[in-house]
>>> print(open('target_30.cif').read())   # mmCIF, C-alpha atoms
data_upload
loop_
_atom_site.label_atom_id
_atom_site.label_comp_id
_atom_site.auth_asym_id
_atom_site.auth_seq_id
_atom_site.Cartn_x
_atom_site.Cartn_y
_atom_site.Cartn_z
CA MET V 1 -31.00 -0.80 -22.06
CA PRO V 2 -32.18 2.79 -21.35
CA SER V 3 -32.25 3.88 -17.73
CA GLN V 4 -36.01 4.56 -17.84
CA GLN V 5 -36.74 0.89 -18.66
CA ARG V 6 -34.56 -0.65 -15.94
CA LEU V 7 -36.22 -2.38 -13.03
CA PRO V 8 -35.44 -0.41 -9.84
CA VAL V 9 -33.91 -3.32 -7.90
CA PHE V 10 -32.50 -1.10 -5.17
CA GLY V 11 -35.88 0.60 -4.77
CA ILE V 12 -37.62 -2.75 -4.47
CA LEU V 13 -35.02 -3.89 -1.95
CA LEU V 14 -35.55 -0.76 0.16
CA LEU V 15 -39.31 -1.23 -0.02
CA VAL V 16 -39.13 -4.85 1.16
CA VAL V 17 -36.65 -4.08 3.96
CA GLY V 18 -38.68 -1.03 5.05
CA VAL V 19 -41.95 -2.96 5.16
CA ALA V 20 -40.28 -5.81 7.06
CA LEU V 21 -38.78 -3.43 9.62
CA LEU V 22 -42.07 -1.55 9.99
CA LEU V 23 -43.96 -4.82 10.58
CA GLU V 24 -41.37 -5.77 13.18
CA LYS V 25 -41.68 -2.40 14.94
CA LEU V 26 -45.47 -2.73 15.02
CA ASP V 27 -45.13 -6.25 16.51
CA VAL V 28 -47.03 -7.78 13.60
CA ILE V 29 -44.16 -10.10 12.64
CA GLU V 30 -40.95 -10.81 14.49
CA PHE V 31 -38.04 -10.61 12.09
CA GLY V 32 -34.37 -11.08 12.74
CA TRP V 33 -31.67 -9.58 10.57
CA SER V 34 -30.93 -12.93 8.96
CA ARG V 35 -34.55 -13.19 7.90
CA ILE V 36 -34.42 -9.75 6.34
CA LEU V 37 -31.12 -10.53 4.63
CA TRP V 38 -32.41 -13.77 3.06
CA ALA V 39 -35.70 -12.13 2.07
CA ALA V 40 -33.67 -9.39 0.35
CA VAL V 41 -31.53 -11.99 -1.45
CA ALA V 42 -34.71 -13.71 -2.66
CA VAL V 43 -36.17 -10.41 -3.88
CA ILE V 44 -32.96 -9.49 -5.69
CA GLY V 45 -32.85 -12.93 -7.33
CA ALA V 46 -36.49 -12.62 -8.42
CA ALA V 47 -35.82 -9.14 -9.81
CA ILE V 48 -32.82 -10.44 -11.78
CA VAL V 49 -34.91 -13.27 -13.27
CA ILE V 50 -37.79 -10.96 -14.17
CA ARG V 51 -35.43 -8.45 -15.73
CA ALA V 52 -33.70 -11.22 -17.68
CA PHE V 53 -37.01 -12.47 -19.10
CA VAL V 54 -38.26 -8.96 -19.94
CA TYR V 55 -35.06 -7.69 -21.53
CA ASP V 56 -33.82 -11.01 -22.94
CA GLY V 57 -30.82 -11.24 -20.61
CA ARG V 58 -30.65 -15.00 -20.79
CA GLY V 59 -27.30 -15.22 -19.04
CA LYS V 60 -28.72 -13.86 -15.81
CA ILE V 61 -31.66 -16.27 -15.57
CA PHE V 62 -29.63 -19.13 -14.08
CA TRP V 63 -27.91 -17.12 -11.34
CA GLY V 64 -31.01 -15.06 -10.59
CA THR V 65 -32.97 -18.27 -10.06
CA VAL V 66 -30.22 -19.66 -7.82
CA LEU V 67 -30.19 -16.45 -5.74
CA PHE V 68 -33.98 -16.43 -5.45
CA LEU V 69 -34.30 -20.07 -4.42
CA TYR V 70 -31.38 -20.03 -1.96
CA GLY V 71 -32.73 -16.81 -0.46
CA LEU V 72 -36.16 -18.44 -0.12
CA PHE V 73 -34.64 -21.63 1.33
CA PHE V 74 -32.63 -19.80 4.00
CA PHE V 75 -35.52 -17.42 4.74
CA LEU V 76 -37.83 -20.39 5.41
CA ARG V 77 -35.07 -22.02 7.43
CA SER V 78 -34.63 -18.89 9.56
CA MET V 79 -38.36 -18.95 10.30
CA ASN V 80 -38.03 -22.63 11.36
CA LEU V 81 -40.43 -23.75 8.65
CA ILE V 82 -37.92 -26.26 7.29
CA GLU V 83 -35.12 -28.13 8.99
CA GLY V 84 -31.65 -26.77 8.43
CA HIS V 85 -29.36 -29.74 8.81
CA PHE V 86 -26.98 -30.93 6.09
CA THR V 87 -29.19 -33.79 4.93
CA VAL V 88 -31.79 -31.20 3.82
CA PHE V 89 -29.31 -28.72 2.35
CA MET V 90 -27.74 -31.04 -0.23
CA PRO V 91 -31.01 -32.30 -1.76
CA ALA V 92 -32.35 -28.75 -1.74
CA SER V 93 -29.21 -27.59 -3.56
CA MET V 94 -29.70 -30.28 -6.20
CA ALA V 95 -33.32 -29.23 -6.66
CA ILE V 96 -32.37 -25.53 -6.81
CA LEU V 97 -29.81 -26.16 -9.55
CA GLY V 98 -32.32 -28.36 -11.38
CA VAL V 99 -34.91 -25.56 -11.34
CA ALA V 100 -32.25 -23.09 -12.54
CA PHE V 101 -31.51 -25.28 -15.57
CA LEU V 102 -35.25 -25.63 -16.16
CA MET V 103 -35.61 -21.83 -16.17
CA LEU V 104 -32.91 -21.63 -18.85
CA PHE V 105 -34.90 -24.08 -20.94
CA VAL V 106 -38.10 -22.07 -20.40
CA SER V 107 -36.34 -18.93 -21.63
CA ASP V 108 -35.32 -20.66 -24.87
CA PRO V 109 -37.07 -23.99 -25.60
CA LYS V 110 -34.69 -24.63 -28.52
CA ASP V 111 -32.08 -25.50 -25.88
CA TRP V 112 -33.89 -28.72 -24.95
CA HIS V 113 -30.60 -30.31 -23.91
CA LEU V 114 -30.85 -28.27 -20.68
CA LEU V 115 -33.74 -30.51 -19.65
CA ILE V 116 -31.33 -33.39 -19.06
CA PRO V 117 -29.35 -31.85 -16.16
CA SER V 118 -32.59 -30.34 -14.91
CA VAL V 119 -34.41 -33.65 -14.73
CA ILE V 120 -31.39 -35.47 -13.28
CA LEU V 121 -30.83 -32.89 -10.53
CA LEU V 122 -34.54 -32.61 -9.71
CA ALA V 123 -34.91 -36.40 -9.59
CA PHE V 124 -31.93 -36.90 -7.29
CA GLY V 125 -32.87 -33.95 -5.10
CA GLY V 126 -36.45 -35.18 -4.86
CA ALA V 127 -35.36 -38.76 -4.12
CA PHE V 128 -33.05 -37.62 -1.31
CA MET V 129 -35.79 -35.41 0.13
CA LEU V 130 -38.25 -38.32 0.05
CA ALA V 131 -35.65 -40.54 1.75
CA ASP V 132 -35.08 -37.91 4.44
CA ALA V 133 -38.82 -37.60 4.99
CA GLY V 134 -39.08 -41.38 5.35
CA TYR V 135 -41.23 -42.04 2.30
CA ILE V 136 -38.63 -44.26 0.64
CA ARG V 137 -35.78 -46.25 2.11
CA ARG V 138 -32.36 -44.78 1.52
CA TRP V 139 -30.81 -48.15 0.65
CA GLU V 140 -33.49 -48.76 -2.02
CA MET V 141 -32.69 -45.39 -3.54
CA TRP V 142 -28.96 -46.14 -3.63
CA ASP V 143 -29.58 -49.61 -5.03
CA THR V 144 -31.66 -48.13 -7.84
CA PHE V 145 -28.99 -45.51 -8.49
CA ARG V 146 -26.24 -48.17 -8.66
CA THR V 147 -28.23 -50.05 -11.28
CA TRP V 148 -29.35 -47.14 -13.45
CA TRP V 149 -26.51 -44.58 -13.29
CA PRO V 150 -25.23 -45.50 -16.78
CA ALA V 151 -28.55 -44.20 -18.16
CA ILE V 152 -27.37 -40.73 -17.15
CA LEU V 153 -24.29 -41.14 -19.33
CA VAL V 154 -26.46 -42.29 -22.24
CA LEU V 155 -28.78 -39.27 -21.89
CA VAL V 156 -25.94 -36.77 -21.63
CA GLY V 157 -24.15 -38.35 -24.61
CA LEU V 158 -27.31 -38.28 -26.72
CA SER V 159 -27.96 -34.66 -25.85
CA LEU V 160 -24.42 -33.70 -26.86
CA ILE V 161 -24.66 -35.57 -30.16
CA LEU V 162 -28.11 -34.26 -31.06
CA ARG V 163 -27.31 -30.74 -29.92
CA ARG V 164 -24.43 -30.50 -32.36
CA ARG V 165 -26.63 -31.67 -35.23
CA LYS V 166 -29.48 -29.28 -34.27
CA ILE V 167 -32.11 -31.94 -34.96
#
>>> encode(input="target_30.cif", output="structure tokens")
Amino acid sequence: MPSQQRLPVFGILLLVVGVALLLEKLDVIEFGWSRILWAAVAVIGAAIVIRAFVYDGRGKIFWGTVLFLYGLFFFLRSMNLIEGHFTVFMPASMAILGVAFLMLFVSDPKDWHLLIPSVILLAFGGAFMLADAGYIRRWEMWDTFRTWWPAILVLVGLSLILRRRKI
């Protein structure tokens, strides 16, 4: 990839950090260093994903998405917009990994087998978040999981079989 076509990630990072510090100095927004750090991580992750889509760097889409979403999660947590205890972190991590697999599928729809871990992780992450928010009872969720967990094995097995055949 020629140097003229590369996305200036460091330049974008400096721009975001500079604007954040300037807004803090002008008393428009009160930032702490952790907020700036997590905002920078989110920007770097977004830049990696954009670059991967533009220049067909499929291998970087997953980790760029993970960086972006974790940066966004911890940035929102540092601004006290979401709770930061462990019961929120684990479901959010499941959802983040599910979205990362979904982004891999979006980059190449022929790899439909990536939808299976994506849907599983998003479903479990969403179910745990709903249980934490009080919309569903945790014991009902676990009871449903105990009944239907073999369906996950069936789906993963089917995806492996069909992926090899390229149907």
>>> atom_distance(input="target_30.cif", atom1="atom CA of V:Leu121", atom2="atom CA of V:Leu155")
13.2 Å
>>> atom_distance(input="target_30.cif", atom1="atom CA of V:Arg77", atom2="atom CA of V:Gly32")
12.2 Å
>>> resolve_selection(input="target_30.cif", expression="the PyMOL selection byres ((chain V and resi 39-47) around 10)", output="ChimeraX atom specification")
/V:7-10,12-17,20,33-38,48-53,60-76
>>> resolve_selection(input="target_30.cif", expression="the PyMOL selection byres ((chain V and resi 96) around 9)", output="ChimeraX atom specification")
/V:65-66,69-70,91-95,97-101,121-122,125
>>> resolve_selection(input="target_30.cif", expression="the PyMOL selection byres ((chain V and resi 132-148) around 12)", output="ChimeraX atom specification")
/V:82-83,85-92,120,123-131,149-155
>>> closest_residue(input="target_30.cif", among="V:Met103, V:Leu81, V:Leu26, V:Val119", to="V:Gly59", atoms="all atoms listed in the file")
V:Met103
>>> atom_distance(input="target_30.cif", atom1="atom CA of V:Leu104", atom2="atom CA of V:Val156")
16.9 Å
